[in-house]
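Peer 1: Supplied in structure tokens, the structure appears directly below.
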Amino acid sequence: MTGLSTSSISPLLTAAFVATFAAIATSSFRKWMKSKKPYAYIPGPTPSTVVAHSYAGYLLDLHSPDALPWHFNVPEEYGHVARLKGGLAGADALYITDPAALNAILIRQQAWFPESTEFAGYEETYVLLYSESDAVQRLFGIIHCGDGVASVQGLEHKKQRKYMDALFTANRVSKLTPMFYQVAHQLEDKLKAAVSDTPGKVVDMLDCLTRAALEIIGTAGIGHTFNSFDDKSEAFDEFHGAITSVLPLASRLFLVLPFLESWRKMKPVWLRRTLAYVGTLPWPSARKFRAAVDAMHPVYVNLYKARQRMLEEGGSAALADTAAGGKDLITSMIQANWDADETHKMSEDTVLANMGSIVHGGQETTSSSLARFLTIIAEDQDLQVRLREELRDAKAKKAPGEDLDYTELEKLPLLDAVVREMMRIYSPVTFVWRQTTKDVVVPLTYPIRSIMNGEETKELLIHQGTAVYLGMSAANRSTAIWGADAAQFKPERWLNRTQGESKLPGAYSGMMTFLSGAKVCPGKTFALLEMKLVLAVLLLSFSFEPIPTPIDWRMGITLEPRVRGREKEGAQVPVRVTAL
Ligand code: HEM
């Protein structure tokens with residue numbers, strides 16, 4: 001019997017070894033490719049610049065100040081789930097506007113979709129800018145100087161939201177109406193004085209409405225006046241400068257986040273702190289960001305301490321002496337916290353952070369929406385006249401000088417339709433982002449058609465660690481969801497629409513503007529009342545016409561208006577105003 005010689009075994013073994021190795025290598029490579037590019041089958045935009053291609057991937061296109069058309073285009077061109085190609089700085093991400101997927105991410109399976117590390121990346125920024133310990137601080141954690149509702153998740157978020165939601169019930173908000181009117185009439189007087197000598201005078205309505213929004217959130221929100229209508233008010237200038245710069249500055253820090261990760265882990269901590277301090281010096285945005293946060297924090301601390309002192313000295317009754325008679329939101333929160341048993345109490349830092357959450361949440365979003373609203377009715381004189389008539393008819397039923405109350409304002413169909421359409425089509429927040437903590441399958445309303453083999457899938461496997469961008473403004477304008485005229489401003493669509501008609505899971509008339517789920521905006525009722533009430537006061541006393549130059553709305557964390565060709569003058573909304 002002849003056996004296989006050593007020399008004949010060797011090539012066979014070698015071939016078997018090579019074949020096995022090749023099979024394992026191919027399979028591993030496929031797995032690696034799949035793990036690197038698991039979304040290669042999903043259509044999506046190609047990064048628009050060479051830098052974007054090689055380093056930042058989708059980040060530049062997503063965050064660019066001129067990115068609004070890019071966002072609106074994503075679902076129209078690529079579908080309601082789109083792949084965002086990563087660069088060297090990061091993996092691929094997903095851009096989602098699909099109703100069923102949004103419902104899963106924000107509501108049904110929200111436990112697996114906390115805010116993403118890009119958001120949490122601000123932990124790193126915080127450590128760099130503030131040289132603190134390894135404290136978990138997120139974007140809003142930095143802006144609000146602590147962990148309030150906007151920056152915490154899970155059980156802690158649930159606990160804080162209980163306090164927050166109790167402040168914003170329709171019943172409570174309706175009781176703030178007199179405070180809102182007090183500020184709205186101050187604005188009316190100031191504007192009358194400014195335009196009385198010249199009909200059609202050009203006024204920067206953004207400035208006026210920012211003052212009004214800060215004063216409303218000041219008095220009704222935190223029981224504090226910034227004397228916002230006094231041109232010489234230093235309190236207003238300092239706080240207003242800080243609050244209006246902090247969000248645009250924050251949006252400029254996004255692109256450096258991938259670099260900051262390595263800094264955060266640097267040991268020893270003293271070296272990191274020293275580098276952080278030195279690092280912010282040549283970096284103007286970081287320096288200004290730090291100064292803005294430092295300007296706001298003492299206001300909250302002083303207010304908090306004053307309320308605590310009152311409670312300690314005179315109990316709850318003493319709060320009646322505060323600017324808003326103890327009825328403002330944060331005084332109610334401090335009082336509820338004071339009355340709570342030890343296990344449910346929030347720390348001083350948490351209450352302070354929530355003052356920041358309320359002031360921030362309630363300021364720029366409403367003031368820029370109101371300013372935008374005025375540009376729309378300035379362009380559409382017919383709509384302006386119809387709205388004024390509706391308001392005059394309602395006022396005619398009241399005693400002379402008496403304002404419309406909360407319920408009466410709520411019941412004006414045209415005003416309601418216009419505000420709804422404004423909120424749908426000009427959502428101040430363009431997108432939010434999340435990151436999966438495990439592999440999750442979500443259902444889809446609109447199937448994905450693979451660009452590799454044309455196959456359709458009705459479910460989406462989102463791999464652990466994927467950054468998921470939820471395109472709120474884009475979903476609000478999707479033609480598949482809202483019809484072929486989705487991009488047009490058409491208030492009439494709300495006059496005939498039945499509740500629940502939209503496929504989207506948004507908390508307000510099925511639009512995504514105020515989000516939904518655990519992180520839904522708690523200030524929705526407050527914001528809608530504020531907008532309707534201020535518009536009612538302005539429309540009854542003034543008429544508005546447009547200036548000839550277009551105003552461009554650029555994307556920051558909220559939207560920022562610039563007059564075309566005069567961008568360097570900063571954010572403004574000039575409108576021609578005539579007293580009636
Ligand atoms: C037109 C006006 C407004 C819009 C469009 C708006 C929109 C939003 C959105 C989209 C979020 C979720 C953000 C995220 O998860 O990343 C949010 C959160 C929040 N908003 Fe508003 N908001 C508005 C007005 C207000 C007002 C007036 C207040 C307070 C008086 C307020 C307070 C808050 C707070 C505290 C949060 C954080 C909630 C949490 O994380 O649990 N917002 N808002």
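Within each chain, counting starts at residue 1; across the structure tokens, chains are named A, B, ... in the order shown, with ligands numbered 1 upward in that order.
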Could you list, as a list in words, all residues that come within 6 Å of ligand 1? Count only C-alpha atoms and all ligand atoms.
Peer 2: Val149, Ala150, Ser357, Ile358, Gly361, Gly362, Thr365, Thr366, Ser427, Pro428, Val429, Val432, Thr513, Phe514, Leu515, Lys519, Val520, Cys521, Pro522, Gly523, Lys524, Phe526 and Ala527 of chain A
Peer 1: So which residues touch A:Gly79 within 9 Å, counting only C-alpha atoms, skipping near sequence neighbours fewer than 6 positions away, as a PyMOL selection string?
Peer 2: chain A and resi 43-44+96-98+446-449
Peer 1: Export C-alpha atoms of the chosen residues as a PDB file, in the first residue's frame?
Peer 2:
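Saved file selection10.pdb follows:
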ATOM      1  CA  PRO A  43     -29.920  55.558  -1.188  1.00  0.00           C
ATOM      2  CA  GLY A  44     -28.546  58.837   0.163  1.00  0.00           C
ATOM      3  CA  ILE A  96     -35.030  59.427   8.970  1.00  0.00           C
ATOM      4  CA  THR A  97     -38.352  61.051   8.097  1.00  0.00           C
ATOM      5  CA  ASP A  98     -40.393  57.849   7.853  1.00  0.00           C
ATOM      6  CA  TYR A 446     -42.378  53.734   3.049  1.00  0.00           C
ATOM      7  CA  PRO A 447     -40.242  50.724   2.032  1.00  0.00           C
ATOM      8  CA  ILE A 448     -36.555  51.204   1.181  1.00  0.00           C
ATOM      9  CA  ARG A 449     -35.598  50.165  -2.369  1.00  0.00           C
TER      10      ARG A 449
END
Peer 1: Please measure the separation of atom CA of A:Ala104 and atom CA of A:Arg83, giving the value in Å to one decimal.
Peer 2: 18.3 Å
Peer 1: To one decimal place in Å, what is the distance between atom CA of A:Gly223 and atom CA of A:Leu303?
Peer 2: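 Atom CA of A:Leu303 lies at a distance of 8.4 Å from atom CA of A:Gly223.
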Peer 1: Taking only C-alpha atoms into account, which of A:Ile451, A:Leu62, A:Ala579, A:Met472 comes nearest A:Pro505?
Peer 2: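 Answer, going by the shortest atom-to-atom distance: A:Met472.
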Peer 1: Choose the residue, out of A:Ala67, A:Val351, A:Leu374, A:Leu504, that has the smallest atom-to-atom separation from A:Ala336; count only C-alpha atoms.
Peer 2: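 Using only C-alpha atoms, the shortest distance to A:Ala336 belongs to A:Val351.
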Peer 1: Report as a list in words all protein, DNA and RNA residues lying within 10 Å of A:Asp207, evaluated on only C-alpha atoms, omitting residues in the same chain fewer than 3 positions from it.
Peer 2: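 Surrounding residues, per the criterion: Val203, Asp204, Thr210, Arg211, Ala212, Ala213, Ser367, Ser368, Ala371, Ala571, Gln572, Val573 and Pro574 of chain A.
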Peer 1: How would you write, as a VMD selection string, the set of residues in stretch 294-502 of chain A that DSSP gives as alpha helix (DSSP H)?
Peer 2: chain A and resid 294 to 314 329 to 339 348 to 361 364 to 379 381 to 396 406 to 410 413 to 425 472 to 476 479 to 482 492 to 495
Peer 1: Expressed in Å to a single decimal, how great is the separation between atom CA of A:Ser450 and atom CA of A:Gln110?
Peer 2: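 Atom-to-atom, atom CA of A:Ser450 and atom CA of A:Gln110 are spaced 26.2 Å apart.
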